[in-house]
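A.B. asks: This is the structure I want to talk about, given as structure tokens.
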Amino acid sequence: MKKINLMLILLALSVCAYAQGLDFAKGSWKDAVAQAKKEKKLLYVDFYTTWCGPCKVMAAQIFPQQAAGDKYNKLFVNYKIDAEKGEGIALAAKYKVKGYPTNLYIDPTNETVVYSVMGSTDVEGFLSRADIAMMEKKDPMQWKDYEAKFNKGNRSKEFLIAFLEKAERLDKDNDKVLDAYVDQYVMGKANEENIKFLIKNTRTLDNKSIAFLAQNRELVNKLYADKRADYFSTWSELLPYKTLQKAIANKDQRLLKTIEEGIKNYGIKESGISGILYYRKEYYNQTGDDEAGWKASLDEANFISAISTSELDRLDQAQYKDVRASVLAQVKAAGATEDQYETSVEATLAKYPEMKKPATNNAAESLNEIAWRVFERKQKDKQAVQMALAWSKRSLELTKGSSTWPMFADTYAKLLYVNGVREQ
């Protein structure tokens with residue numbers, strides 16, 4: 001069972017006048033590569049799956065827009081492929097696709113990736129991706145060339161900026177380079193140029209930049225007052241997850257402590273309901289430590305299941321403000337006019353009522369996910385099944401009457417079956 005992300009903001013808005021959007025090439029992968037070679041263009045590839053919510057958002061809201069079509073049809077040969085069907089399976093493995101949607105910009109002459117990015121985005125972000133791909137194509141230096149120069153001691157401002165830009169384009173770990181930039185050009189200089197540069201380039205908690213920005217939080221909020229009243233809180237919310245990704249990629253358990261201390265020391269708002277327990281669970285499970293992963297999953301599930309309904313209601317009310325602000329931001333990005341803001345936000349929230357109870361649905365989703373993991377991996381462990389039944393039942397109680405209840409009920413039914421219950 002795939003984990004359900006209840007907080008996907010699926011904007012079903014008629015605020016943009018669609019015209020000619022992306023023109024996707026037909027036929028096989030070989031045909032698409034041949035066409036790109038013939039037209040001397042990069043090949044833009046959208047790896048998607050049929051169950052992927054963000055993929056559907058991109059297909060329905062981004063690809064049909066004229067601005068997207070004007071740029072992409074000119075610069076690329078566009079190609080869509082289901083990563084779980086046909087030749088898409090082998091291609092997803094070849095290009096190490098780990099999530100959806102994944103967008104690859106490929107040089108057809110050798111079928112190598114020029115630029116790769118995962119996740120959905122708005123139209124502005126989608127157009128920006130095209131620009132980045134073209135910049136990456138023109139960069140005469142590869143990542144290894146930048147690393148070599150850095151390791152030989154190059155610390156010129158121009159080089160470090162170029163290196164950080166390269167890291168952003170390729171979604172590479174930039175913390176060592178960022179630390180060098182902070183040491184050389186930032187310390188003690190809390191001005192607009194430095195603040196905005198660091199906001200753009202700080203992606204994890206494992207660097208010197210985050211401490212500098214936290215110390216100058218008021219200036220950060222002042223410089224970005226047009227976006228959010230407390231911009232630092234919104235911006236920093238993703239840093240723990242990015243740090244987790246780095247920890248998993250490097251199998252660096254030390255970074256779990258970095259996450260915990262960062263959240264505490266810098267007043268970073270936790271996006272999940274179980275805090276550091278979530279990061280521990282994900283780290284151990286994704287790095288293959290089954291015993292530690294199971295213990296961390298158990299800790300998280302027991303913590304969440306003990307949260308009272310009244311406390312979840314309180315959290316729902318507090319988090320709903322942020323949810324509404326996020327919907328409004330996406331409405332604006334989608335091109336709505338000011339007089340459409342309120343009605344568009346209400347239309348979205350009405351279509352996806354789960355968004356009105358973010359904490360409750362977060363709790364239910366987490367309990368369901370861990371319960372399902374028991375069904376998949378620990379079916380013979382009666383004690384584990386009994387605990388999972390309790391977690392699964394709680395997820396049903398929290399989502400009664402919602403669109404996600406049937407999926408959670410499926411988990412509960414399978415656990416009952418494993419436990420020997422055939423009728424209920």
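If you're wondering about the labels, chains in the structure tokens are A, B, ... by order shown, residues count from 1 in each chain, ligands from 1 in order shown.
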What parts of region 88-210 of chain A does DSSP call helix (DSSP H, G or I)? I'd like the answer as a JSON list (two decimals) with N, CA, C and O atoms, in the first residue's frame.

C.D. replies:
[["chain", "number", "residue", "atom", "x", "y", "z"],
["A", 88, "GLY", "N", 9.44, 1.62, -19.21],
["A", 88, "GLY", "CA", 9.63, 2.60, -18.15],
["A", 88, "GLY", "C", 10.29, 1.99, -16.92],
["A", 88, "GLY", "O", 11.01, 2.68, -16.19],
["A", 89, "ILE", "N", 10.05, 0.70, -16.68],
["A", 89, "ILE", "CA", 10.64, 0.03, -15.51],
["A", 89, "ILE", "C", 12.16, 0.02, -15.61],
["A", 89, "ILE", "O", 12.87, 0.40, -14.67],
["A", 90, "ALA", "N", 12.67, -0.39, -16.77],
["A", 90, "ALA", "CA", 14.12, -0.46, -16.96],
["A", 90, "ALA", "C", 14.73, 0.93, -17.00],
["A", 90, "ALA", "O", 15.83, 1.16, -16.46],
["A", 91, "LEU", "N", 14.03, 1.87, -17.61],
["A", 91, "LEU", "CA", 14.57, 3.24, -17.69],
["A", 91, "LEU", "C", 14.61, 3.90, -16.31],
["A", 91, "LEU", "O", 15.56, 4.62, -16.00],
["A", 92, "ALA", "N", 13.59, 3.66, -15.50],
["A", 92, "ALA", "CA", 13.59, 4.21, -14.13],
["A", 92, "ALA", "C", 14.75, 3.64, -13.33],
["A", 92, "ALA", "O", 15.38, 4.36, -12.54],
["A", 93, "ALA", "N", 15.05, 2.37, -13.54],
["A", 93, "ALA", "CA", 16.19, 1.75, -12.85],
["A", 93, "ALA", "C", 17.51, 2.31, -13.38],
["A", 93, "ALA", "O", 18.42, 2.61, -12.60],
["A", 94, "LYS", "N", 17.60, 2.48, -14.68],
["A", 94, "LYS", "CA", 18.82, 3.01, -15.29],
["A", 94, "LYS", "C", 19.15, 4.40, -14.76],
["A", 94, "LYS", "O", 20.31, 4.70, -14.46],
["A", 123, "VAL", "N", 3.94, 26.77, -12.20],
["A", 123, "VAL", "CA", 4.39, 27.10, -13.55],
["A", 123, "VAL", "C", 5.72, 27.85, -13.53],
["A", 123, "VAL", "O", 6.62, 27.55, -14.32],
["A", 124, "GLU", "N", 5.84, 28.78, -12.62],
["A", 124, "GLU", "CA", 7.09, 29.54, -12.51],
["A", 124, "GLU", "C", 8.27, 28.62, -12.24],
["A", 124, "GLU", "O", 9.34, 28.74, -12.85],
["A", 125, "GLY", "N", 8.08, 27.68, -11.33],
["A", 125, "GLY", "CA", 9.13, 26.73, -11.03],
["A", 125, "GLY", "C", 9.44, 25.81, -12.20],
["A", 125, "GLY", "O", 10.61, 25.47, -12.45],
["A", 126, "PHE", "N", 8.41, 25.42, -12.93],
["A", 126, "PHE", "CA", 8.59, 24.55, -14.09],
["A", 126, "PHE", "C", 9.40, 25.25, -15.18],
["A", 126, "PHE", "O", 10.29, 24.65, -15.80],
["A", 127, "LEU", "N", 9.11, 26.52, -15.39],
["A", 127, "LEU", "CA", 9.87, 27.29, -16.38],
["A", 127, "LEU", "C", 11.31, 27.48, -15.91],
["A", 127, "LEU", "O", 12.25, 27.44, -16.71],
["A", 128, "SER", "N", 11.47, 27.67, -14.60],
["A", 128, "SER", "CA", 12.81, 27.82, -14.04],
["A", 128, "SER", "C", 13.64, 26.55, -14.24],
["A", 128, "SER", "O", 14.84, 26.62, -14.51],
["A", 129, "ARG", "N", 12.99, 25.40, -14.14],
["A", 129, "ARG", "CA", 13.70, 24.14, -14.37],
["A", 129, "ARG", "C", 14.27, 24.07, -15.78],
["A", 129, "ARG", "O", 15.38, 23.58, -15.99],
["A", 130, "ALA", "N", 13.51, 24.57, -16.73],
["A", 130, "ALA", "CA", 14.00, 24.59, -18.11],
["A", 130, "ALA", "C", 15.23, 25.48, -18.23],
["A", 130, "ALA", "O", 16.22, 25.11, -18.90],
["A", 131, "ASP", "N", 15.20, 26.63, -17.58],
["A", 131, "ASP", "CA", 16.35, 27.54, -17.62],
["A", 131, "ASP", "C", 17.58, 26.90, -16.99],
["A", 131, "ASP", "O", 18.70, 27.02, -17.51],
["A", 132, "ILE", "N", 17.36, 26.20, -15.87],
["A", 132, "ILE", "CA", 18.48, 25.54, -15.19],
["A", 132, "ILE", "C", 19.08, 24.47, -16.08],
["A", 132, "ILE", "O", 20.31, 24.32, -16.18],
["A", 133, "ALA", "N", 18.22, 23.70, -16.74],
["A", 133, "ALA", "CA", 18.71, 22.64, -17.63],
["A", 133, "ALA", "C", 19.57, 23.21, -18.74],
["A", 133, "ALA", "O", 20.62, 22.66, -19.09],
["A", 134, "MET", "N", 19.14, 24.34, -19.30],
["A", 134, "MET", "CA", 19.92, 24.96, -20.37],
["A", 134, "MET", "C", 21.23, 25.53, -19.86],
["A", 134, "MET", "O", 22.27, 25.45, -20.53],
["A", 135, "MET", "N", 21.21, 26.09, -18.64],
["A", 135, "MET", "CA", 22.45, 26.59, -18.04],
["A", 135, "MET", "C", 23.42, 25.44, -17.77],
["A", 135, "MET", "O", 24.63, 25.55, -17.99],
["A", 136, "GLU", "N", 22.88, 24.34, -17.30],
["A", 136, "GLU", "CA", 23.71, 23.17, -17.00],
["A", 136, "GLU", "C", 24.32, 22.61, -18.27],
["A", 136, "GLU", "O", 25.48, 22.16, -18.30],
["A", 137, "LYS", "N", 23.56, 22.64, -19.34],
["A", 137, "LYS", "CA", 24.07, 22.16, -20.63],
["A", 137, "LYS", "C", 25.27, 22.98, -21.09],
["A", 137, "LYS", "O", 26.22, 22.46, -21.68],
["A", 138, "LYS", "N", 25.21, 24.28, -20.79],
["A", 138, "LYS", "CA", 26.26, 25.19, -21.26],
["A", 138, "LYS", "C", 27.49, 25.24, -20.34],
["A", 138, "LYS", "O", 28.52, 25.78, -20.72],
["A", 143, "TRP", "N", 30.70, 18.33, -12.25],
["A", 143, "TRP", "CA", 30.74, 18.40, -10.79],
["A", 143, "TRP", "C", 32.11, 18.03, -10.25],
["A", 143, "TRP", "O", 32.64, 18.69, -9.35],
["A", 144, "LYS", "N", 32.70, 17.01, -10.80],
["A", 144, "LYS", "CA", 34.01, 16.56, -10.33],
["A", 144, "LYS", "C", 35.09, 17.62, -10.53],
["A", 144, "LYS", "O", 36.06, 17.70, -9.76],
["A", 145, "ASP", "N", 34.91, 18.47, -11.55],
["A", 145, "ASP", "CA", 35.88, 19.55, -11.78],
["A", 145, "ASP", "C", 35.79, 20.60, -10.67],
["A", 145, "ASP", "O", 36.82, 21.11, -10.21],
["A", 146, "TYR", "N", 34.57, 20.91, -10.28],
["A", 146, "TYR", "CA", 34.38, 21.86, -9.17],
["A", 146, "TYR", "C", 34.97, 21.30, -7.88],
["A", 146, "TYR", "O", 35.64, 22.01, -7.12],
["A", 147, "GLU", "N", 34.71, 20.02, -7.63],
["A", 147, "GLU", "CA", 35.24, 19.38, -6.42],
["A", 147, "GLU", "C", 36.76, 19.43, -6.39],
["A", 147, "GLU", "O", 37.38, 19.70, -5.34],
["A", 148, "ALA", "N", 37.37, 19.17, -7.54],
["A", 148, "ALA", "CA", 38.84, 19.17, -7.61],
["A", 148, "ALA", "C", 39.41, 20.55, -7.29],
["A", 148, "ALA", "O", 40.38, 20.68, -6.53],
["A", 149, "LYS", "N", 38.81, 21.58, -7.85],
["A", 149, "LYS", "CA", 39.29, 22.95, -7.59],
["A", 149, "LYS", "C", 39.10, 23.33, -6.13],
["A", 149, "LYS", "O", 39.95, 23.98, -5.52],
["A", 150, "PHE", "N", 37.96, 22.94, -5.57],
["A", 150, "PHE", "CA", 37.68, 23.25, -4.17],
["A", 150, "PHE", "C", 38.69, 22.54, -3.27],
["A", 150, "PHE", "O", 39.23, 23.13, -2.32],
["A", 151, "ASN", "N", 38.94, 21.27, -3.54],
["A", 151, "ASN", "CA", 39.87, 20.49, -2.72],
["A", 151, "ASN", "C", 41.31, 21.00, -2.83],
["A", 151, "ASN", "O", 42.11, 20.79, -1.91],
["A", 157, "LYS", "N", 35.51, 34.20, -4.35],
["A", 157, "LYS", "CA", 34.07, 34.40, -4.24],
["A", 157, "LYS", "C", 33.36, 33.95, -5.51],
["A", 157, "LYS", "O", 32.31, 33.30, -5.45],
["A", 158, "GLU", "N", 33.93, 34.29, -6.65],
["A", 158, "GLU", "CA", 33.32, 33.93, -7.93],
["A", 158, "GLU", "C", 33.20, 32.41, -8.06],
["A", 158, "GLU", "O", 32.16, 31.88, -8.48],
["A", 159, "PHE", "N", 34.27, 31.69, -7.67],
["A", 159, "PHE", "CA", 34.26, 30.24, -7.79],
["A", 159, "PHE", "C", 33.26, 29.61, -6.83],
["A", 159, "PHE", "O", 32.49, 28.71, -7.21],
["A", 160, "LEU", "N", 33.24, 30.06, -5.57],
["A", 160, "LEU", "CA", 32.31, 29.48, -4.59],
["A", 160, "LEU", "C", 30.86, 29.71, -4.99],
["A", 160, "LEU", "O", 30.01, 28.82, -4.82],
["A", 161, "ILE", "N", 30.57, 30.89, -5.52],
["A", 161, "ILE", "CA", 29.20, 31.16, -5.99],
["A", 161, "ILE", "C", 28.84, 30.22, -7.14],
["A", 161, "ILE", "O", 27.74, 29.65, -7.17],
["A", 162, "ALA", "N", 29.77, 30.05, -8.08],
["A", 162, "ALA", "CA", 29.52, 29.15, -9.21],
["A", 162, "ALA", "C", 29.33, 27.71, -8.73],
["A", 162, "ALA", "O", 28.47, 26.97, -9.24],
["A", 163, "PHE", "N", 30.13, 27.31, -7.74],
["A", 163, "PHE", "CA", 30.04, 25.96, -7.19],
["A", 163, "PHE", "C", 28.69, 25.76, -6.50],
["A", 163, "PHE", "O", 28.03, 24.72, -6.67],
["A", 164, "LEU", "N", 28.25, 26.74, -5.74],
["A", 164, "LEU", "CA", 26.95, 26.64, -5.07],
["A", 164, "LEU", "C", 25.81, 26.63, -6.07],
["A", 164, "LEU", "O", 24.81, 25.93, -5.88],
["A", 165, "GLU", "N", 25.93, 27.39, -7.14],
["A", 165, "GLU", "CA", 24.91, 27.37, -8.19],
["A", 165, "GLU", "C", 24.86, 25.99, -8.85],
["A", 165, "GLU", "O", 23.78, 25.48, -9.17],
["A", 166, "LYS", "N", 26.03, 25.41, -9.05],
["A", 166, "LYS", "CA", 26.10, 24.07, -9.63],
["A", 166, "LYS", "C", 25.43, 23.06, -8.70],
["A", 166, "LYS", "O", 24.68, 22.19, -9.14],
["A", 167, "ALA", "N", 25.72, 23.18, -7.40],
["A", 167, "ALA", "CA", 25.12, 22.27, -6.41],
["A", 167, "ALA", "C", 23.60, 22.39, -6.41],
["A", 167, "ALA", "O", 22.88, 21.38, -6.31],
["A", 168, "GLU", "N", 23.10, 23.61, -6.54],
["A", 168, "GLU", "CA", 21.65, 23.81, -6.57],
["A", 168, "GLU", "C", 21.05, 23.17, -7.82],
["A", 168, "GLU", "O", 20.02, 22.50, -7.74],
["A", 169, "ARG", "N", 21.70, 23.38, -8.95],
["A", 169, "ARG", "CA", 21.18, 22.82, -10.20],
["A", 169, "ARG", "C", 21.13, 21.29, -10.16],
["A", 169, "ARG", "O", 20.17, 20.69, -10.65],
["A", 170, "LEU", "N", 22.16, 20.69, -9.58],
["A", 170, "LEU", "CA", 22.25, 19.23, -9.58],
["A", 170, "LEU", "C", 21.71, 18.60, -8.30],
["A", 170, "LEU", "O", 21.76, 17.38, -8.15],
["A", 175, "ASP", "N", 27.03, 21.70, 1.69],
["A", 175, "ASP", "CA", 27.33, 22.24, 3.01],
["A", 175, "ASP", "C", 28.78, 22.65, 3.21],
["A", 175, "ASP", "O", 29.07, 23.69, 3.81],
["A", 176, "LYS", "N", 29.73, 21.87, 2.71],
["A", 176, "LYS", "CA", 31.14, 22.23, 2.87],
["A", 176, "LYS", "C", 31.46, 23.51, 2.11],
["A", 176, "LYS", "O", 32.19, 24.38, 2.60],
["A", 177, "VAL", "N", 30.91, 23.63, 0.93],
["A", 177, "VAL", "CA", 31.14, 24.83, 0.11],
["A", 177, "VAL", "C", 30.48, 26.04, 0.77],
["A", 177, "VAL", "O", 31.05, 27.13, 0.82],
["A", 178, "LEU", "N", 29.28, 25.83, 1.30],
["A", 178, "LEU", "CA", 28.56, 26.91, 1.97],
["A", 178, "LEU", "C", 29.32, 27.37, 3.21],
["A", 178, "LEU", "O", 29.41, 28.58, 3.48],
["A", 179, "ASP", "N", 29.87, 26.43, 3.96],
["A", 179, "ASP", "CA", 30.66, 26.79, 5.13],
["A", 179, "ASP", "C", 31.87, 27.64, 4.74],
["A", 179, "ASP", "O", 32.21, 28.62, 5.42],
["A", 180, "ALA", "N", 32.51, 27.27, 3.64],
["A", 180, "ALA", "CA", 33.67, 28.04, 3.17],
["A", 180, "ALA", "C", 33.25, 29.46, 2.80],
["A", 180, "ALA", "O", 33.96, 30.43, 3.10],
["A", 181, "TYR", "N", 32.07, 29.58, 2.17],
["A", 181, "TYR", "CA", 31.58, 30.91, 1.78],
["A", 181, "TYR", "C", 31.26, 31.75, 3.02],
["A", 181, "TYR", "O", 31.59, 32.94, 3.09],
["A", 182, "VAL", "N", 30.61, 31.12, 4.01],
["A", 182, "VAL", "CA", 30.26, 31.83, 5.25],
["A", 182, "VAL", "C", 31.52, 32.31, 5.95],
["A", 182, "VAL", "O", 31.62, 33.46, 6.39],
["A", 183, "ASP", "N", 32.51, 31.43, 6.10],
["A", 183, "ASP", "CA", 33.77, 31.78, 6.76],
["A", 183, "ASP", "C", 34.47, 32.94, 6.06],
["A", 183, "ASP", "O", 34.99, 33.86, 6.71],
["A", 184, "GLN", "N", 34.47, 32.90, 4.74],
["A", 184, "GLN", "CA", 35.25, 33.85, 3.97],
["A", 184, "GLN", "C", 34.55, 35.18, 3.73],
["A", 184, "GLN", "O", 35.18, 36.24, 3.75],
["A", 185, "TYR", "N", 33.22, 35.14, 3.53],
["A", 185, "TYR", "CA", 32.55, 36.34, 3.02],
["A", 185, "TYR", "C", 31.32, 36.80, 3.81],
["A", 185, "TYR", "O", 30.73, 37.84, 3.46],
["A", 186, "VAL", "N", 30.90, 36.06, 4.85],
["A", 186, "VAL", "CA", 29.65, 36.40, 5.51],
["A", 186, "VAL", "C", 29.80, 36.80, 6.97],
["A", 186, "VAL", "O", 29.14, 37.74, 7.43],
["A", 192, "GLU", "N", 21.55, 42.69, 3.50],
["A", 192, "GLU", "CA", 20.55, 42.11, 2.60],
["A", 192, "GLU", "C", 21.17, 41.12, 1.62],
["A", 192, "GLU", "O", 20.63, 40.04, 1.38],
["A", 193, "GLU", "N", 22.31, 41.47, 1.05],
["A", 193, "GLU", "CA", 22.94, 40.60, 0.06],
["A", 193, "GLU", "C", 23.27, 39.24, 0.66],
["A", 193, "GLU", "O", 22.96, 38.18, 0.08],
["A", 194, "ASN", "N", 23.89, 39.24, 1.84],
["A", 194, "ASN", "CA", 24.28, 37.97, 2.46],
["A", 194, "ASN", "C", 23.09, 37.15, 2.92],
["A", 194, "ASN", "O", 23.05, 35.93, 2.75],
["A", 195, "ILE", "N", 22.11, 37.83, 3.51],
["A", 195, "ILE", "CA", 20.92, 37.11, 3.98],
["A", 195, "ILE", "C", 20.22, 36.41, 2.83],
["A", 195, "ILE", "O", 19.89, 35.22, 2.90],
["A", 196, "LYS", "N", 19.98, 37.11, 1.74],
["A", 196, "LYS", "CA", 19.26, 36.52, 0.61],
["A", 196, "LYS", "C", 20.08, 35.43, -0.06],
["A", 196, "LYS", "O", 19.53, 34.42, -0.53],
["A", 197, "PHE", "N", 21.39, 35.60, -0.09],
["A", 197, "PHE", "CA", 22.24, 34.57, -0.68],
["A", 197, "PHE", "C", 22.16, 33.29, 0.15],
["A", 197, "PHE", "O", 22.05, 32.18, -0.39],
["A", 198, "LEU", "N", 22.20, 33.42, 1.46],
["A", 198, "LEU", "CA", 22.16, 32.24, 2.33],
["A", 198, "LEU", "C", 20.78, 31.59, 2.34],
["A", 198, "LEU", "O", 20.67, 30.36, 2.38],
["A", 199, "ILE", "N", 19.74, 32.39, 2.31],
["A", 199, "ILE", "CA", 18.39, 31.84, 2.24],
["A", 199, "ILE", "C", 18.25, 30.97, 0.99],
["A", 199, "ILE", "O", 17.66, 29.89, 1.01],
["A", 200, "LYS", "N", 18.82, 31.41, -0.09],
["A", 200, "LYS", "CA", 18.75, 30.67, -1.35],
["A", 200, "LYS", "C", 19.54, 29.37, -1.30],
["A", 200, "LYS", "O", 19.12, 28.35, -1.86],
["A", 201, "ASN", "N", 20.69, 29.38, -0.61],
["A", 201, "ASN", "CA", 21.61, 28.26, -0.70],
["A", 201, "ASN", "C", 21.65, 27.33, 0.51],
["A", 201, "ASN", "O", 22.28, 26.28, 0.46],
["A", 209, "SER", "N", 25.64, 28.29, 8.10],
["A", 209, "SER", "CA", 24.71, 29.29, 7.61],
["A", 209, "SER", "C", 23.45, 29.38, 8.45],
["A", 209, "SER", "O", 22.95, 30.48, 8.73],
["A", 210, "ILE", "N", 22.90, 28.23, 8.87],
["A", 210, "ILE", "CA", 21.63, 28.23, 9.57],
["A", 210, "ILE", "C", 21.73, 28.98, 10.90],
["A", 210, "ILE", "O", 20.82, 29.71, 11.29]]

A.B. asks: Skipping near chain neighbours, those fewer than 3 positions away, what residues fall within 9 Å of region 222-235 of chain A using only C-alpha atoms, listed as an MDAnalysis selection string?

C.D. replies: chainID A and resid 192 195:196 199 213:214 217:219 238:239 267:269 322 325 329

A.B. asks: Determine, counting only C-alpha atoms, which protein, DNA and RNA residues have an atom within 8 Å of an atom of region 386-390 of chain A; residues of the same chain fewer than 3 positions away are not included. Present the result as a list in words.

C.D. replies: Ile370, Ala371, Trp372, Val374, Lys382, Gln383, Lys393, Arg394, Tyr412, Leu415, Leu416 and Asn419 of chain A

A.B. asks: Any idea what's packed within 12 Å of Gly99 (chain A), counting only C-alpha atoms, ignoring anything in its chain fewer than 5 positions away? Could you give it as JSON, numbers by chain?

C.D. replies: {"A": [46, 47, 48, 49, 51, 52, 53, 54, 55, 83, 84, 92, 93, 116, 117, 118, 119, 120]}

A.B. asks: Limited to all heavy atoms, could you put the picked residues into a file as a compact mmCIF listing (two decimals), in the first residue's frame?

C.D. replies:
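What ended up in selection-v3.txt:
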# COMPACT_ATOMS: atom_id res chain seq x y z
N ASP A 46 9.37 13.12 -18.30
CA ASP A 46 8.56 13.12 -17.09
C ASP A 46 8.31 11.68 -16.69
O ASP A 46 7.53 10.97 -17.33
CB ASP A 46 7.23 13.84 -17.35
CG ASP A 46 6.28 13.73 -16.18
OD1 ASP A 46 6.74 13.92 -15.03
OD2 ASP A 46 5.08 13.44 -16.40
N PHE A 47 8.99 11.22 -15.61
CA PHE A 47 8.72 9.89 -15.06
C PHE A 47 7.57 10.03 -14.06
O PHE A 47 7.67 10.77 -13.09
CB PHE A 47 9.95 9.35 -14.33
CG PHE A 47 10.97 8.72 -15.25
CD1 PHE A 47 12.05 9.45 -15.72
CD2 PHE A 47 10.84 7.39 -15.64
CE1 PHE A 47 12.99 8.88 -16.56
CE2 PHE A 47 11.77 6.80 -16.48
CZ PHE A 47 12.86 7.55 -16.94
N TYR A 48 6.48 9.28 -14.31
CA TYR A 48 5.30 9.37 -13.45
C TYR A 48 4.78 7.97 -13.12
O TYR A 48 5.29 6.96 -13.65
CB TYR A 48 4.20 10.18 -14.14
CG TYR A 48 3.60 9.46 -15.33
CD1 TYR A 48 2.43 8.70 -15.19
CD2 TYR A 48 4.19 9.52 -16.59
CE1 TYR A 48 1.87 8.03 -16.27
CE2 TYR A 48 3.64 8.84 -17.67
CZ TYR A 48 2.49 8.10 -17.52
OH TYR A 48 1.95 7.42 -18.58
N THR A 49 3.80 7.90 -12.23
CA THR A 49 3.07 6.65 -11.98
C THR A 49 1.58 6.98 -11.94
O THR A 49 1.21 8.14 -11.76
CB THR A 49 3.47 5.99 -10.64
OG1 THR A 49 3.05 6.83 -9.56
CG2 THR A 49 4.98 5.76 -10.55
N TRP A 51 -0.53 6.22 -9.65
CA TRP A 51 -1.04 6.50 -8.31
C TRP A 51 -0.50 7.80 -7.72
O TRP A 51 -0.89 8.21 -6.63
CB TRP A 51 -0.70 5.36 -7.35
CG TRP A 51 0.75 4.95 -7.37
CD1 TRP A 51 1.29 3.93 -8.09
CD2 TRP A 51 1.84 5.57 -6.68
NE1 TRP A 51 2.65 3.85 -7.88
CE2 TRP A 51 3.02 4.86 -7.01
CE3 TRP A 51 1.94 6.64 -5.80
CZ2 TRP A 51 4.27 5.18 -6.51
CZ3 TRP A 51 3.19 6.98 -5.30
CH2 TRP A 51 4.34 6.26 -5.65
N CYS A 52 0.41 8.46 -8.43
CA CYS A 52 1.13 9.63 -7.90
C CYS A 52 0.29 10.90 -7.99
O CYS A 52 0.01 11.40 -9.09
CB CYS A 52 2.44 9.79 -8.66
SG CYS A 52 3.25 11.37 -8.45
N GLY A 53 -0.10 11.45 -6.81
CA GLY A 53 -0.90 12.68 -6.77
C GLY A 53 -0.22 13.87 -7.41
O GLY A 53 -0.80 14.55 -8.26
N PRO A 54 1.04 14.19 -7.03
CA PRO A 54 1.73 15.33 -7.63
C PRO A 54 1.89 15.19 -9.15
O PRO A 54 1.88 16.19 -9.87
CB PRO A 54 3.09 15.32 -6.93
CG PRO A 54 2.83 14.66 -5.62
CD PRO A 54 1.81 13.62 -5.90
N CYS A 55 2.02 13.94 -9.64
CA CYS A 55 2.11 13.73 -11.09
C CYS A 55 0.83 14.19 -11.78
O CYS A 55 0.86 14.79 -12.86
CB CYS A 55 2.35 12.25 -11.40
SG CYS A 55 3.84 11.54 -10.67
N ALA A 83 6.77 4.90 -14.97
CA ALA A 83 7.94 4.22 -14.42
C ALA A 83 7.64 2.79 -13.97
O ALA A 83 8.57 2.06 -13.63
CB ALA A 83 8.51 5.01 -13.25
N GLU A 84 6.38 2.40 -13.96
CA GLU A 84 6.02 1.06 -13.48
C GLU A 84 5.43 0.18 -14.58
O GLU A 84 4.87 -0.88 -14.30
CB GLU A 84 5.02 1.19 -12.32
CG GLU A 84 5.63 1.88 -11.10
CD GLU A 84 4.69 1.96 -9.92
OE1 GLU A 84 3.46 1.89 -10.13
OE2 GLU A 84 5.18 2.11 -8.79
N ALA A 92 13.59 3.66 -15.50
CA ALA A 92 13.59 4.21 -14.13
C ALA A 92 14.75 3.64 -13.33
O ALA A 92 15.38 4.36 -12.54
CB ALA A 92 12.26 3.91 -13.44
N ALA A 93 15.05 2.37 -13.54
CA ALA A 93 16.19 1.75 -12.85
C ALA A 93 17.51 2.31 -13.38
O ALA A 93 18.42 2.61 -12.60
CB ALA A 93 16.16 0.24 -13.05
N SER A 116 18.47 16.92 -13.27
CA SER A 116 17.44 16.07 -12.71
C SER A 116 16.77 16.77 -11.54
O SER A 116 17.45 17.40 -10.72
CB SER A 116 18.05 14.74 -12.23
OG SER A 116 17.10 13.98 -11.52
N VAL A 117 15.45 16.66 -11.43
CA VAL A 117 14.74 17.27 -10.32
C VAL A 117 13.50 16.43 -10.03
O VAL A 117 12.86 15.90 -10.94
CB VAL A 117 14.36 18.73 -10.63
CG1 VAL A 117 13.45 18.83 -11.84
CG2 VAL A 117 13.74 19.40 -9.42
N MET A 118 13.16 16.29 -8.75
CA MET A 118 12.02 15.47 -8.34
C MET A 118 10.96 16.33 -7.68
O MET A 118 11.27 17.28 -6.98
CB MET A 118 12.48 14.37 -7.38
CG MET A 118 11.38 13.40 -6.98
SD MET A 118 11.98 12.03 -5.95
CE MET A 118 12.35 12.90 -4.43
N GLY A 119 9.72 15.98 -7.92
CA GLY A 119 8.60 16.65 -7.27
C GLY A 119 7.83 17.58 -8.19
O GLY A 119 8.30 17.96 -9.26
N SER A 120 6.62 17.93 -7.76
CA SER A 120 5.80 18.85 -8.54
C SER A 120 6.20 20.28 -8.24
O SER A 120 6.91 20.56 -7.27
CB SER A 120 4.31 18.64 -8.20
OG SER A 120 4.08 18.89 -6.83

A.B. asks: Can you pull out every residue within 8 Å of Phe408 (chain A), counting only C-alpha atoms, but drop anything in the same chain fewer than 5 positions away, and send it as an NGL selection string?

C.D. replies: :A and (368 or 392 or 395-396)

A.B. asks: Excluding Thr204 (chain A) and any residue of its chain fewer than 2 positions from it, enumerate the residues within 8 Å of it, using only C-alpha atoms, and give them as a CSV table (one decimal) with C-alpha atoms, in the first residue's frame.

C.D. replies:
chain,number,residue,atom,x,y,z
A,175,ASP,CA,27.3,22.2,3.0
A,202,THR,CA,21.0,26.8,2.8
A,206,ASP,CA,24.5,20.7,8.8
A,207,ASN,CA,26.2,24.0,8.1
A,239,LEU,CA,15.5,21.9,6.6
A,240,PRO,CA,15.1,18.9,9.0
A,241,TYR,CA,13.8,16.7,6.2
A,242,LYS,CA,16.6,17.8,3.8
A,243,THR,CA,19.0,16.9,6.6

A.B. asks: Nearest to Thr309 (chain A): which of A:Leu328, A:Ala364, A:Val323, A:Ala211 is it, counting only C-alpha atoms?

C.D. replies: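 Among A:Leu328, A:Ala364, A:Val323, A:Ala211, it is A:Ala364 that comes nearest to Thr309 (chain A).
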